[in-house]
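Novice: Okay, here's the structure, questions in a sec.
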Amino acid sequence: MAELQEQDQAGASHVALKQKAVRGGMAKLVGQAVNFVLRILFVSIMARLLDPVDFGLVAMVTVITGFYSLFTEAGLSAATIQRAKVTNEQTSTLFWVNLLVGVLLALLCLVTAPVVSRFYDEPRLFPIMVVLATGFMITAAAVQHAALLDRSLRFGVIAAIDVLSQSVSFIVGIAMAFAGFRYWALVASTISMQITSAVCVWMITGWIPGLPRRGAGTRSMLRFGGTVTLNNMVVYLAYNFEKLLLGRFWGADALGLYGRAYQLINIPTQNLNLAVGGVAFAALSRLQHDPIRLGNYFLKGYRLANSLTLPTTVFCALFADDIVLVLLGPKW
């Protein structure tokens with residue numbers, strides 16, 4: 001009798017998890033759909049207000065800062081989400097680890113700014129990199145807060161934060177571009193998004209981290225985070241190394257053109273992957289001790305992601321000229 005009750009409870013919990021994941025997935029999809037529209041509008045308007053060189057200058061820097069940003073989370077957000085049980089001492093300790101890493105990355109960004117400027121032979125990159133350095137500390141201070149929202153499967157709230165952050169970034173960037181700030185409009189757009197997202201997750205979670213503690217049981221979480229970071233490094237280099245070479249040997253104009261085309265093809269697929277992947281990771285983490293259900297749900301999610309992204313990619317390839325003309329304008 002006791003075994004039957006346990007099985008009923010386990011079945012009920014899996015049904016509840018599935019329902020929560022489906023609702024979260026719908027919220028994520030709606031949020032990503034709104035973000036998709038905002039990003040397309042942003043790209044389309046900015047492409048008409050700025051020149052390829054403006055996008056190229058920022059892209060030269062973000063190739064480097066994007067690599068640094070892989071260490072901002074250090075995989076510790078994923079470590080918190082996938083953990084079967086997590087304590088306040090553990091999340092507090094990870095918060096201070098993330099913040100320390102963010103400060104170190106900001107300092108690294110400042111130190112390497114002159115090197116990057118000389119590498120590209122472009123003095124305008126130095127102040128851009130200095131300003132973007134502040135984003136590491138802002139993002140790092142919100143990593144664990146955002147992870148707690150993911151862990152609690154509050155995907156509707158997360159989607160709302162994403163939309164609000166994207167909207168603020170949209171307004172700031174376009175307003176500065178209209179005012180004639182050129183590539184600084186792109187920089188301000190990035191920083192404003194980071195600030196808005198961080199403030200929102202701080203306010204909504206209401207969580208105040210405690211002091212870091214030794215022996216809080218974070219060693220395994222740090223190892224897990226290191227593995228995730230290493231994987232992200234390999235993926236990032238595979239997808240971005242050509243941008244480094246384009247900027248170095250062909251200049252900001254060529255990189256600006258390539259970067260806009262790259263972004264257009266990636267906006268729809270990236271939004272879909274974020275919607276499906278974000279829900280899947282948090283939900284599947286609850287099934288890590290049930291390999292059969294874990295495998296079944298993973299394959300269903302994988303098929304769903306492919307069924308959505310492959311047609312989008314084929315469409316972009318077939319109608320590339322028309323998409324560029326409509327979204328970016330004739331000068332592109």
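Lettering and numbering for the structure tokens are positional, with chains as A, B, ... in the shown order, residues counted from 1 in each chain, and ligands counted from 1 in the shown order.
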Near Trp250 (chain A), counting only C-alpha atoms, which residues have an atom at most 12 Å away, once you skip same-chain residues fewer than 6 positions from it, shown as a PDB file with N, CA, C and O atoms, in the first residue's frame?
Specialist:
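Resulting contents of out-v1.pdb:
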```pdb
ATOM      1  N   VAL A  53      30.294  50.452 -40.702  1.00  0.00           N
ATOM      2  CA  VAL A  53      31.487  50.637 -39.882  1.00  0.00           C
ATOM      3  C   VAL A  53      31.126  50.768 -38.404  1.00  0.00           C
ATOM      4  O   VAL A  53      31.881  50.323 -37.528  1.00  0.00           O
ATOM      5  N   GLY A  56      30.559  47.368 -37.214  1.00  0.00           N
ATOM      6  CA  GLY A  56      31.830  46.656 -37.231  1.00  0.00           C
ATOM      7  C   GLY A  56      32.713  46.999 -36.049  1.00  0.00           C
ATOM      8  O   GLY A  56      33.362  46.121 -35.473  1.00  0.00           O
ATOM      9  N   MET A  60      33.949  44.247 -33.330  1.00  0.00           N
ATOM     10  CA  MET A  60      35.354  43.961 -33.043  1.00  0.00           C
ATOM     11  C   MET A  60      35.582  43.782 -31.543  1.00  0.00           C
ATOM     12  O   MET A  60      36.335  42.895 -31.108  1.00  0.00           O
ATOM     13  N   TYR A 120      43.699  45.503 -33.742  1.00  0.00           N
ATOM     14  CA  TYR A 120      42.876  45.896 -34.883  1.00  0.00           C
ATOM     15  C   TYR A 120      43.376  47.174 -35.554  1.00  0.00           C
ATOM     16  O   TYR A 120      42.850  47.554 -36.605  1.00  0.00           O
ATOM     17  N   ASP A 121      44.354  47.844 -34.909  1.00  0.00           N
ATOM     18  CA  ASP A 121      44.839  49.141 -35.387  1.00  0.00           C
ATOM     19  C   ASP A 121      43.682  50.137 -35.500  1.00  0.00           C
ATOM     20  O   ASP A 121      43.511  50.826 -36.510  1.00  0.00           O
ATOM     21  N   GLU A 242      35.852  33.429 -36.779  1.00  0.00           N
ATOM     22  CA  GLU A 242      35.942  34.082 -38.095  1.00  0.00           C
ATOM     23  C   GLU A 242      35.703  35.581 -37.994  1.00  0.00           C
ATOM     24  O   GLU A 242      36.239  36.350 -38.798  1.00  0.00           O
ATOM     25  N   LYS A 243      34.930  36.024 -36.999  1.00  0.00           N
ATOM     26  CA  LYS A 243      34.697  37.457 -36.818  1.00  0.00           C
ATOM     27  C   LYS A 243      35.986  38.164 -36.400  1.00  0.00           C
ATOM     28  O   LYS A 243      36.253  39.297 -36.816  1.00  0.00           O
ATOM     29  N   LEU A 244      36.769  37.493 -35.553  1.00  0.00           N
ATOM     30  CA  LEU A 244      38.048  38.045 -35.137  1.00  0.00           C
ATOM     31  C   LEU A 244      38.960  38.249 -36.349  1.00  0.00           C
ATOM     32  O   LEU A 244      39.597  39.302 -36.499  1.00  0.00           O
ATOM     33  N   GLY A 256      31.108  44.627 -40.212  1.00  0.00           N
ATOM     34  CA  GLY A 256      29.762  45.153 -40.018  1.00  0.00           C
ATOM     35  C   GLY A 256      28.754  44.501 -40.942  1.00  0.00           C
ATOM     36  O   GLY A 256      27.647  44.134 -40.528  1.00  0.00           O
ATOM     37  N   LEU A 257      29.115  44.327 -42.210  1.00  0.00           N
ATOM     38  CA  LEU A 257      28.229  43.657 -43.173  1.00  0.00           C
ATOM     39  C   LEU A 257      27.997  42.199 -42.794  1.00  0.00           C
ATOM     40  O   LEU A 257      26.859  41.712 -42.792  1.00  0.00           O
ATOM     41  N   TYR A 258      29.089  41.527 -42.479  1.00  0.00           N
ATOM     42  CA  TYR A 258      28.974  40.112 -42.098  1.00  0.00           C
ATOM     43  C   TYR A 258      28.158  39.952 -40.818  1.00  0.00           C
ATOM     44  O   TYR A 258      27.313  39.058 -40.701  1.00  0.00           O
TER      45      TYR A 258
END
```
Novice: Enumerate as a PyMOL selection string all residues of region 55-293 of chain A assigned to alpha helix (DSSP H) by DSSP on the backbone, naming them with the chain letters and numbers the document uses.
Specialist: chain A and resi 55-73+76-82+88-120+125-140+143-151+155-178+183-205+219-249+252-285+291-293
Novice: Tell me which of A:Gly75, A:Pro123, A:Gly102, A:Gly259 sits closest to Thr139 (chain A), counting only C-alpha atoms.
Specialist: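 Counting only C-alpha atoms, the residue closest to Thr139 (chain A) is A:Gly102.
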Novice: Have a look at A:Val228, A:Ala141, A:Ala261, A:Cys316 and name the one nearest to Trp96 (chain A); count only C-alpha atoms.
Specialist: A:Ala141
Novice: For Leu264 (chain A), find every residue with an atom within 10 Å (counting only C-alpha atoms), except residues of its own chain fewer than 2 positions away, and show them as a list of chain:residue names.
Specialist: A:Arg39, A:Ile40, A:Val43, A:Ser44, A:Gly259, A:Arg260, A:Ala261, A:Tyr262, A:Asn266, A:Ile267, A:Pro268, A:Thr269, A:Cys316, A:Ala320, A:Ile323, A:Val324, A:Leu327, A:Leu328
Novice: How would the residues just chosen look if you wrote them out with N, CA and C atoms as a CSV table (one decimal), in the first residue's frame?
Specialist:
```
chain,number,residue,atom,x,y,z
A,39,ARG,N,13.6,42.8,-31.7
A,39,ARG,CA,15.0,42.7,-32.2
A,39,ARG,C,15.0,43.0,-33.7
A,40,ILE,N,14.0,42.4,-34.4
A,40,ILE,CA,14.0,42.7,-35.9
A,40,ILE,C,13.8,44.2,-36.1
A,43,VAL,N,17.1,46.0,-35.3
A,43,VAL,CA,18.1,45.8,-36.4
A,43,VAL,C,17.7,46.6,-37.6
A,44,SER,N,16.4,46.6,-38.0
A,44,SER,CA,16.0,47.3,-39.2
A,44,SER,C,16.1,48.8,-39.1
A,259,GLY,N,28.4,40.8,-39.9
A,259,GLY,CA,27.7,40.7,-38.6
A,259,GLY,C,26.2,40.9,-38.7
A,260,ARG,N,25.8,41.9,-39.6
A,260,ARG,CA,24.3,42.0,-39.8
A,260,ARG,C,23.7,40.8,-40.4
A,261,ALA,N,24.4,40.2,-41.4
A,261,ALA,CA,23.8,39.0,-42.0
A,261,ALA,C,23.8,37.9,-41.0
A,262,TYR,N,24.8,37.8,-40.2
A,262,TYR,CA,24.9,36.7,-39.2
A,262,TYR,C,23.8,36.9,-38.2
A,266,ASN,N,20.4,34.4,-37.3
A,266,ASN,CA,20.4,33.8,-36.0
A,266,ASN,C,19.3,34.3,-35.1
A,267,ILE,N,18.7,35.5,-35.4
A,267,ILE,CA,17.7,36.0,-34.5
A,267,ILE,C,16.5,35.0,-34.3
A,268,PRO,N,15.9,34.5,-35.4
A,268,PRO,CA,14.8,33.5,-35.3
A,268,PRO,C,15.2,32.2,-34.6
A,269,THR,N,16.3,31.6,-35.0
A,269,THR,CA,16.7,30.4,-34.5
A,269,THR,C,17.2,30.5,-33.0
A,316,CYS,N,15.3,31.5,-44.8
A,316,CYS,CA,16.3,32.6,-44.8
A,316,CYS,C,17.3,32.4,-46.0
A,320,ALA,N,17.2,35.3,-49.1
A,320,ALA,CA,18.2,36.1,-48.5
A,320,ALA,C,18.2,37.5,-49.0
A,323,ILE,N,15.1,39.5,-47.9
A,323,ILE,CA,15.1,39.7,-46.4
A,323,ILE,C,16.1,40.9,-46.1
A,324,VAL,N,17.2,40.9,-46.7
A,324,VAL,CA,18.2,42.0,-46.5
A,324,VAL,C,17.6,43.3,-47.0
A,327,LEU,N,14.6,44.4,-44.5
A,327,LEU,CA,14.9,44.6,-43.1
A,327,LEU,C,16.1,45.6,-43.0
A,328,LEU,N,17.1,45.6,-43.8
A,328,LEU,CA,18.2,46.4,-43.6
A,328,LEU,C,18.3,47.6,-44.6
```
Novice: Please compute the CA of Thr91 (chain A)-CA of Asp150 (chain A) distance, one decimal, in Å.
Specialist: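 Computed distance, CA of Thr91 (chain A) to CA of Asp150 (chain A), equals 13.4 Å.
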Novice: Can you pull out every residue within 12 Å of Thr227 (chain A), counting only C-alpha atoms, but drop anything in the same chain fewer than 4 positions away, and send it as JSON, numbers by chain?
Specialist: {"A": [70, 71, 74, 75, 76, 78, 79, 220, 221, 222, 223, 231, 232, 233, 234]}
Novice: Save the residues we just selected, all heavy atoms, as a short mmCIF file (atom, residue, chain, number, x, y, z; two decimals), in the first residue's frame?
Specialist:
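Wrote it out as selection17.cif, contents follow:
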```
data_model
loop_
_atom_site.label_atom_id
_atom_site.label_comp_id
_atom_site.auth_asym_id
_atom_site.auth_seq_id
_atom_site.Cartn_x
_atom_site.Cartn_y
_atom_site.Cartn_z
N LEU A 70 31.79 34.55 -21.08
CA LEU A 70 31.56 33.14 -20.81
C LEU A 70 31.90 32.80 -19.36
O LEU A 70 31.34 31.86 -18.78
CB LEU A 70 32.41 32.27 -21.75
CG LEU A 70 32.12 32.37 -23.24
CD1 LEU A 70 33.11 31.51 -24.01
CD2 LEU A 70 30.70 31.96 -23.55
N PHE A 71 32.81 33.58 -18.78
CA PHE A 71 33.26 33.31 -17.42
C PHE A 71 32.45 34.07 -16.38
O PHE A 71 32.64 33.87 -15.18
CB PHE A 71 34.75 33.67 -17.28
CG PHE A 71 35.63 32.91 -18.23
CD1 PHE A 71 35.95 33.44 -19.47
CD2 PHE A 71 36.14 31.67 -17.89
CE1 PHE A 71 36.76 32.74 -20.35
CE2 PHE A 71 36.95 30.96 -18.76
CZ PHE A 71 37.26 31.50 -20.00
N ALA A 74 30.32 31.54 -15.19
CA ALA A 74 31.20 30.43 -14.83
C ALA A 74 30.45 29.11 -14.70
O ALA A 74 30.86 28.22 -13.95
CB ALA A 74 31.96 30.75 -13.54
N GLY A 75 29.33 29.01 -15.40
CA GLY A 75 28.52 27.80 -15.32
C GLY A 75 27.78 27.64 -14.01
O GLY A 75 27.12 26.61 -13.80
N LEU A 76 27.87 28.63 -13.13
CA LEU A 76 27.29 28.49 -11.79
C LEU A 76 25.78 28.71 -11.78
O LEU A 76 25.09 28.27 -10.86
CB LEU A 76 27.98 29.45 -10.82
CG LEU A 76 29.49 29.24 -10.67
CD1 LEU A 76 30.07 30.21 -9.65
CD2 LEU A 76 29.79 27.80 -10.26
N ALA A 78 23.86 27.41 -14.16
CA ALA A 78 23.42 26.05 -14.48
C ALA A 78 23.58 25.12 -13.30
O ALA A 78 22.76 24.23 -13.05
CB ALA A 78 24.20 25.52 -15.68
N ALA A 79 24.65 25.31 -12.53
CA ALA A 79 24.88 24.47 -11.35
C ALA A 79 23.77 24.63 -10.33
O ALA A 79 23.33 23.66 -9.70
CB ALA A 79 26.24 24.82 -10.73
N SER A 220 31.44 20.70 -5.63
CA SER A 220 30.91 19.95 -6.76
C SER A 220 30.20 20.87 -7.74
O SER A 220 30.23 20.65 -8.96
CB SER A 220 29.95 18.86 -6.27
OG SER A 220 28.85 19.43 -5.59
N MET A 221 29.56 21.93 -7.22
CA MET A 221 28.87 22.88 -8.09
C MET A 221 29.88 23.68 -8.90
O MET A 221 29.65 23.99 -10.08
CB MET A 221 27.99 23.81 -7.24
CG MET A 221 26.92 23.08 -6.44
SD MET A 221 25.98 24.15 -5.34
CE MET A 221 24.87 24.95 -6.50
N LEU A 222 31.02 24.00 -8.29
CA LEU A 222 32.08 24.71 -9.02
C LEU A 222 32.66 23.83 -10.12
O LEU A 222 32.97 24.31 -11.22
CB LEU A 222 33.18 25.15 -8.05
CG LEU A 222 32.79 26.25 -7.06
CD1 LEU A 222 33.88 26.43 -6.01
CD2 LEU A 222 32.52 27.57 -7.78
N ARG A 223 32.83 22.53 -9.83
CA ARG A 223 33.32 21.61 -10.85
C ARG A 223 32.33 21.52 -12.01
O ARG A 223 32.72 21.52 -13.18
CB ARG A 223 33.56 20.23 -10.25
CG ARG A 223 34.81 20.12 -9.39
CD ARG A 223 35.23 18.66 -9.22
NE ARG A 223 34.17 17.89 -8.57
CZ ARG A 223 34.08 17.71 -7.25
NH1 ARG A 223 34.99 18.25 -6.45
NH2 ARG A 223 33.11 17.00 -6.74
N ASN A 231 32.70 23.81 -22.11
CA ASN A 231 31.87 23.50 -23.27
C ASN A 231 31.46 24.78 -24.00
O ASN A 231 31.52 24.85 -25.24
CB ASN A 231 30.62 22.74 -22.82
CG ASN A 231 29.66 22.47 -23.96
OD1 ASN A 231 29.89 21.63 -24.81
ND2 ASN A 231 28.55 23.20 -23.99
N ASN A 232 31.07 25.80 -23.24
CA ASN A 232 30.68 27.07 -23.85
C ASN A 232 31.83 27.74 -24.59
O ASN A 232 31.64 28.40 -25.62
CB ASN A 232 30.13 28.02 -22.79
CG ASN A 232 28.80 27.57 -22.23
OD1 ASN A 232 28.08 26.80 -22.86
ND2 ASN A 232 28.45 28.05 -21.05
N MET A 233 33.05 27.58 -24.06
CA MET A 233 34.23 28.15 -24.71
C MET A 233 34.43 27.54 -26.09
O MET A 233 34.69 28.25 -27.07
CB MET A 233 35.48 27.92 -23.85
CG MET A 233 35.59 28.80 -22.63
SD MET A 233 36.99 28.32 -21.59
CE MET A 233 38.35 28.46 -22.76
N VAL A 234 34.32 26.23 -26.16
CA VAL A 234 34.52 25.54 -27.44
C VAL A 234 33.48 26.00 -28.45
O VAL A 234 33.78 26.31 -29.62
CB VAL A 234 34.45 24.01 -27.24
CG1 VAL A 234 34.51 23.29 -28.59
CG2 VAL A 234 35.59 23.54 -26.35
#
```
Novice: Report, in Å to a single decimal, how far apart CA of Leu186 (chain A) and CA of Ile45 (chain A) are.
Specialist: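 A separation of 12.1 Å between them.
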